[in-house]
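Trainee: Questions regarding the structure given below will be posed in turn.
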Amino acid sequence: MKKLFLSLVTVVVMAAVIMGSVGWWFAHRPVALKQPVVDFTVQRGSNMRQAASAIAAAGVEVKPAVLYWLARLAGKASLIKAGSYEVHEGITPWLLILKLSSGDVSQGEILLVEGWNFRQVRAALESNPNLQADTAGLSDAEILSRIGASEPSPEGLFFPDTYLFDKQSSALALLARAYQIMHKRLDEVWAARDESSPLRSPYEALILASIIEKETGRAEDRSVVGSVFSNRLRIGMRLQTDPTVIYGLGEDFDGRLRRRHLDTDHPWNTYTRAGLPPTPIAMPGLDSLQAAVRPQKTDFLYFVARGDGSSEFSRNLNDHNRAVDRYQR
């Protein structure tokens, strides 16, 4: 009986060694892919069986049942994480399991451009195939509420930058990140503001920065443009800036600003109303934020575009009119 028992133990041990060897070989043997790069998504709430089926259906030639049992025996079946994944030639079942359990998801990216308005931001988010379009159908007020914003308008609240994100993640979550970054940048520049600034709050700084952003694309001119607007605000002179009028026209603007547009009163018409408009008109970048709160010291009150992207600055109306004659008429 003792010899029989020892023989059975030997057989069991040998079987275990053989199974282990086969399992190790399978786990570390590269699997075939139907194409050089395969993308697949593990939906939220999926278990390892469902994930293994999704992997096979996407074009990774691995048996779902075998992948499931390998993950279970390794103690990782309950550790898989939802998200979009990308695998390349040479991937093994074991590397697949490690990728799933570590949440090594593939990333997408989106560029939020300086000078964009919120309508353009929404369009970019909702057309990105790698983002959940969970802003679609929501009003601007509902979006502000869901990201925890207290401002009256979403305009200008999001910092322009290139954002990386896990594929199939939330557009609302990305907006919340961009909102928090804008607040951080705005707080930093506001703390370093010129104490003589006519601006009374960080939100006013954001409004002015958005106007500066739309008035010039030249980094070297932004601080001087900021000084013109600050000088006008100090003396109660109207800003008279075309981009605010265009913003107020919204989708009715056909690309050509006419005299009647400048004469038609609305909250963003800085030709008919003194002071700043009620909201930003676009997303300002860091240079424009800094130019709003710490502009160059000048006595300029006017500027006109030269036609090459730069501006001609003037101290009085006569000089300004001559500059307009020279560069625009």
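Going through the structure tokens in order, the chains are called A, B, and so on, while each chain numbers its residues from 1 and the ligands are numbered from 1 in the order shown.
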Give me every alpha helix (DSSP H) residue in range 19-132 of chain A, going by DSSP on the backbone, as a ChimeraX atom specification.
Mentor: /A:19-27,48-58,64-73,93-102,118-127
Trainee: Mind writing the picked residues with N, CA and C atoms as a compact mmCIF listing (two decimals), in the first residue's frame?
Mentor:
```
# COMPACT_ATOMS: atom_id res chain seq x y z
N MET A 19 1.62 19.60 -16.53
CA MET A 19 0.59 20.61 -16.75
C MET A 19 1.16 22.01 -16.55
N GLY A 20 2.01 22.11 -15.52
CA GLY A 20 2.63 23.41 -15.29
C GLY A 20 3.52 23.83 -16.44
N SER A 21 4.26 22.85 -16.98
CA SER A 21 5.15 23.15 -18.10
C SER A 21 4.35 23.56 -19.33
N VAL A 22 3.24 22.81 -19.56
CA VAL A 22 2.38 23.15 -20.69
C VAL A 22 1.78 24.53 -20.50
N GLY A 23 1.32 24.79 -19.24
CA GLY A 23 0.74 26.11 -18.95
C GLY A 23 1.75 27.23 -19.14
N TRP A 24 2.98 26.99 -18.66
CA TRP A 24 4.03 28.02 -18.80
C TRP A 24 4.31 28.26 -20.28
N TRP A 25 4.39 27.13 -21.04
CA TRP A 25 4.65 27.25 -22.48
C TRP A 25 3.54 28.04 -23.16
N PHE A 26 2.28 27.73 -22.83
CA PHE A 26 1.16 28.45 -23.43
C PHE A 26 1.17 29.93 -23.03
N ALA A 27 1.42 30.17 -21.74
CA ALA A 27 1.35 31.54 -21.23
C ALA A 27 2.40 32.44 -21.87
N MET A 48 -13.72 38.38 -16.24
CA MET A 48 -12.60 37.89 -17.04
C MET A 48 -13.09 37.06 -18.22
N ARG A 49 -14.17 36.29 -18.05
CA ARG A 49 -14.70 35.52 -19.17
C ARG A 49 -15.12 36.45 -20.31
N GLN A 50 -15.83 37.53 -19.96
CA GLN A 50 -16.29 38.47 -20.98
C GLN A 50 -15.11 39.19 -21.63
N ALA A 51 -14.11 39.54 -20.82
CA ALA A 51 -12.93 40.21 -21.36
C ALA A 51 -12.20 39.28 -22.34
N ALA A 52 -12.07 38.00 -21.98
CA ALA A 52 -11.38 37.05 -22.86
C ALA A 52 -12.13 36.90 -24.18
N SER A 53 -13.46 36.89 -24.12
CA SER A 53 -14.25 36.79 -25.35
C SER A 53 -14.07 38.03 -26.22
N ALA A 54 -14.03 39.21 -25.59
CA ALA A 54 -13.84 40.46 -26.33
C ALA A 54 -12.47 40.48 -27.02
N ILE A 55 -11.46 39.97 -26.32
CA ILE A 55 -10.11 39.92 -26.88
C ILE A 55 -10.07 39.04 -28.11
N ALA A 56 -10.67 37.86 -28.02
CA ALA A 56 -10.68 36.94 -29.15
C ALA A 56 -11.48 37.50 -30.32
N ALA A 57 -12.62 38.13 -30.00
CA ALA A 57 -13.46 38.69 -31.06
C ALA A 57 -12.77 39.84 -31.79
N ALA A 58 -11.86 40.55 -31.11
CA ALA A 58 -11.17 41.69 -31.73
C ALA A 58 -10.08 41.26 -32.70
N PRO A 64 -10.67 31.87 -25.50
CA PRO A 64 -11.14 32.61 -24.32
C PRO A 64 -11.12 31.76 -23.05
N ALA A 65 -11.52 30.47 -23.13
CA ALA A 65 -11.58 29.64 -21.93
C ALA A 65 -10.19 29.42 -21.34
N VAL A 66 -9.21 29.20 -22.22
CA VAL A 66 -7.84 28.98 -21.75
C VAL A 66 -7.29 30.26 -21.10
N LEU A 67 -7.56 31.41 -21.73
CA LEU A 67 -7.09 32.68 -21.17
C LEU A 67 -7.74 32.93 -19.81
N TYR A 68 -9.02 32.61 -19.71
CA TYR A 68 -9.73 32.80 -18.44
C TYR A 68 -9.10 31.96 -17.34
N TRP A 69 -8.86 30.66 -17.61
CA TRP A 69 -8.33 29.79 -16.57
C TRP A 69 -6.89 30.16 -16.21
N LEU A 70 -6.13 30.62 -17.16
CA LEU A 70 -4.77 31.06 -16.86
C LEU A 70 -4.81 32.24 -15.89
N ALA A 71 -5.70 33.21 -16.17
CA ALA A 71 -5.83 34.37 -15.29
C ALA A 71 -6.33 33.96 -13.91
N ARG A 72 -7.26 33.00 -13.89
CA ARG A 72 -7.80 32.56 -12.60
C ARG A 72 -6.74 31.84 -11.77
N LEU A 73 -6.00 30.93 -12.40
CA LEU A 73 -4.96 30.20 -11.68
C LEU A 73 -3.86 31.13 -11.17
N PRO A 93 -0.16 35.38 -23.94
CA PRO A 93 -1.30 35.35 -23.02
C PRO A 93 -0.95 35.93 -21.65
N TRP A 94 0.25 35.64 -21.15
CA TRP A 94 0.63 36.15 -19.83
C TRP A 94 0.77 37.67 -19.86
N LEU A 95 1.36 38.23 -20.92
CA LEU A 95 1.46 39.68 -21.03
C LEU A 95 0.09 40.33 -21.19
N LEU A 96 -0.83 39.61 -21.86
CA LEU A 96 -2.20 40.10 -21.96
C LEU A 96 -2.84 40.22 -20.59
N ILE A 97 -2.65 39.19 -19.78
CA ILE A 97 -3.24 39.19 -18.44
C ILE A 97 -2.62 40.29 -17.59
N LEU A 98 -1.31 40.47 -17.69
CA LEU A 98 -0.65 41.54 -16.94
C LEU A 98 -1.16 42.92 -17.39
N LYS A 99 -1.37 43.05 -18.69
CA LYS A 99 -1.88 44.32 -19.22
C LYS A 99 -3.28 44.61 -18.67
N LEU A 100 -4.13 43.60 -18.65
CA LEU A 100 -5.49 43.76 -18.15
C LEU A 100 -5.52 44.05 -16.65
N SER A 101 -4.69 43.37 -15.89
CA SER A 101 -4.73 43.51 -14.44
C SER A 101 -4.06 44.79 -13.95
N SER A 102 -3.15 45.34 -14.77
CA SER A 102 -2.48 46.59 -14.39
C SER A 102 -3.18 47.82 -14.94
N PHE A 118 -16.45 77.88 -26.78
CA PHE A 118 -16.93 76.63 -26.20
C PHE A 118 -17.69 75.78 -27.22
N ARG A 119 -18.31 76.41 -28.17
CA ARG A 119 -19.00 75.65 -29.22
C ARG A 119 -17.99 74.78 -29.98
N GLN A 120 -16.81 75.32 -30.25
CA GLN A 120 -15.77 74.56 -30.94
C GLN A 120 -15.22 73.44 -30.05
N VAL A 121 -15.10 73.74 -28.75
CA VAL A 121 -14.61 72.72 -27.81
C VAL A 121 -15.57 71.53 -27.78
N ARG A 122 -16.86 71.82 -27.67
CA ARG A 122 -17.86 70.74 -27.64
C ARG A 122 -17.81 69.90 -28.92
N ALA A 123 -17.69 70.57 -30.04
CA ALA A 123 -17.66 69.85 -31.32
C ALA A 123 -16.46 68.92 -31.37
N ALA A 124 -15.31 69.37 -30.88
CA ALA A 124 -14.10 68.54 -30.90
C ALA A 124 -14.25 67.34 -29.98
N LEU A 125 -14.81 67.56 -28.80
CA LEU A 125 -14.99 66.47 -27.85
C LEU A 125 -15.96 65.42 -28.38
N GLU A 126 -17.08 65.92 -28.89
CA GLU A 126 -18.16 65.01 -29.27
C GLU A 126 -17.89 64.28 -30.59
N SER A 127 -16.91 64.75 -31.35
CA SER A 127 -16.55 64.07 -32.60
C SER A 127 -15.33 63.17 -32.44
```
Trainee: Would you return as a list of chain:residue names the members of range 230-317 of chain A that DSSP assigns to strand (DSSP E or B) on this structure's backbone?
Mentor: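 Those residues are A:Tyr302, A:Phe303, A:Val304, A:Ala305, A:Ser311, A:Glu312, A:Phe313, A:Ser314.
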Trainee: Hey, which bits of range 115-191 of chain A sit within 7 Å of range 279-284 of chain A, and for each residue what's the closest pair of atoms and how far apart in Å (one decimal), counting only C-alpha atoms, rows by chain and increasing number, as a Markdown table?
Mentor:
```
| residue | atom | partner | partner_atom | distance |
| --- | --- | --- | --- | --- |
| A:Gly115 | CA | A:Met283 | CA | 5.0 |
| A:Trp116 | CA | A:Ala282 | CA | 5.3 |
| A:Asn117 | CA | A:Ala282 | CA | 4.4 |
| A:Ser153 | CA | A:Thr279 | CA | 6.8 |
| A:Glu155 | CA | A:Pro280 | CA | 5.7 |
| A:Gly156 | CA | A:Met283 | CA | 4.1 |
| A:Leu157 | CA | A:Met283 | CA | 6.8 |
| A:Phe158 | CA | A:Met283 | CA | 6.4 |
| A:Phe159 | CA | A:Met283 | CA | 6.6 |
| A:Pro160 | CA | A:Met283 | CA | 6.4 |
```
Trainee: Nearest to Leu138 in chain A among A:Ile110, A:Ala209, A:Leu33, A:Ala171, with distances taken over only C-alpha atoms: which residue is it?
Mentor: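 Residue with the minimum atom-to-atom distance to Leu138 in chain A: A:Ala171.
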Trainee: Which value, in Å to one decimal, gives the distance between CA of Asn269 in chain A and CA of Arg200 in chain A?
Mentor: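 Calculated distance between CA of Asn269 in chain A and CA of Arg200 in chain A is 20.5 Å.
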Trainee: Using only C-alpha atoms, pick whichever of A:Val293, A:Leu186, A:Leu111, A:Leu317 has the shortest atom-to-atom distance to Leu199 in chain A.
Mentor: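 With only C-alpha atoms as the atom set, the closest residue is A:Val293.
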Trainee: Name all residues at most 10 Å from Thr216 in chain A (count only C-alpha atoms; drop same-chain ones fewer than 4 positions away) and give them as JSON, numbers by chain.
Mentor: {"A": [211, 212, 220, 221, 222, 225, 288, 305, 309, 310, 311]}
Trainee: Using only C-alpha atoms, pick whichever of A:Tyr327, A:Tyr302, A:Trp268, A:Phe313 has the shortest atom-to-atom distance to Phe229 in chain A.
Mentor: A:Tyr302
Trainee: Find the residue from A:Pro277, A:Arg232, A:Asp194, A:Ser314 that sits nearest to Thr244 in chain A; use only C-alpha atoms when measuring.
Mentor: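 Looking at the shortest contact to Thr244 in chain A, the residue is A:Pro277.
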Trainee: One decimal, in Å: what's the spacing between CA of Asn321 in chain A and CA of Leu262 in chain A?
Mentor: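 Distance reported for this atom pair: 17.8 Å.
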Trainee: Can you tell me, as an MDAnalysis selection string, what residues are no more than 8 Å from Leu208 in chain A when counting only C-alpha atoms, ignoring any on the same chain fewer than 2 positions away?
Mentor: chainID A and resid 204:206 210:212 226 276 280 292
Trainee: Which is closer to Val304 in chain A than all the others in A:Val324, A:Ala291, A:Leu131, A:Leu286, using only C-alpha atoms?
Mentor: A:Val324
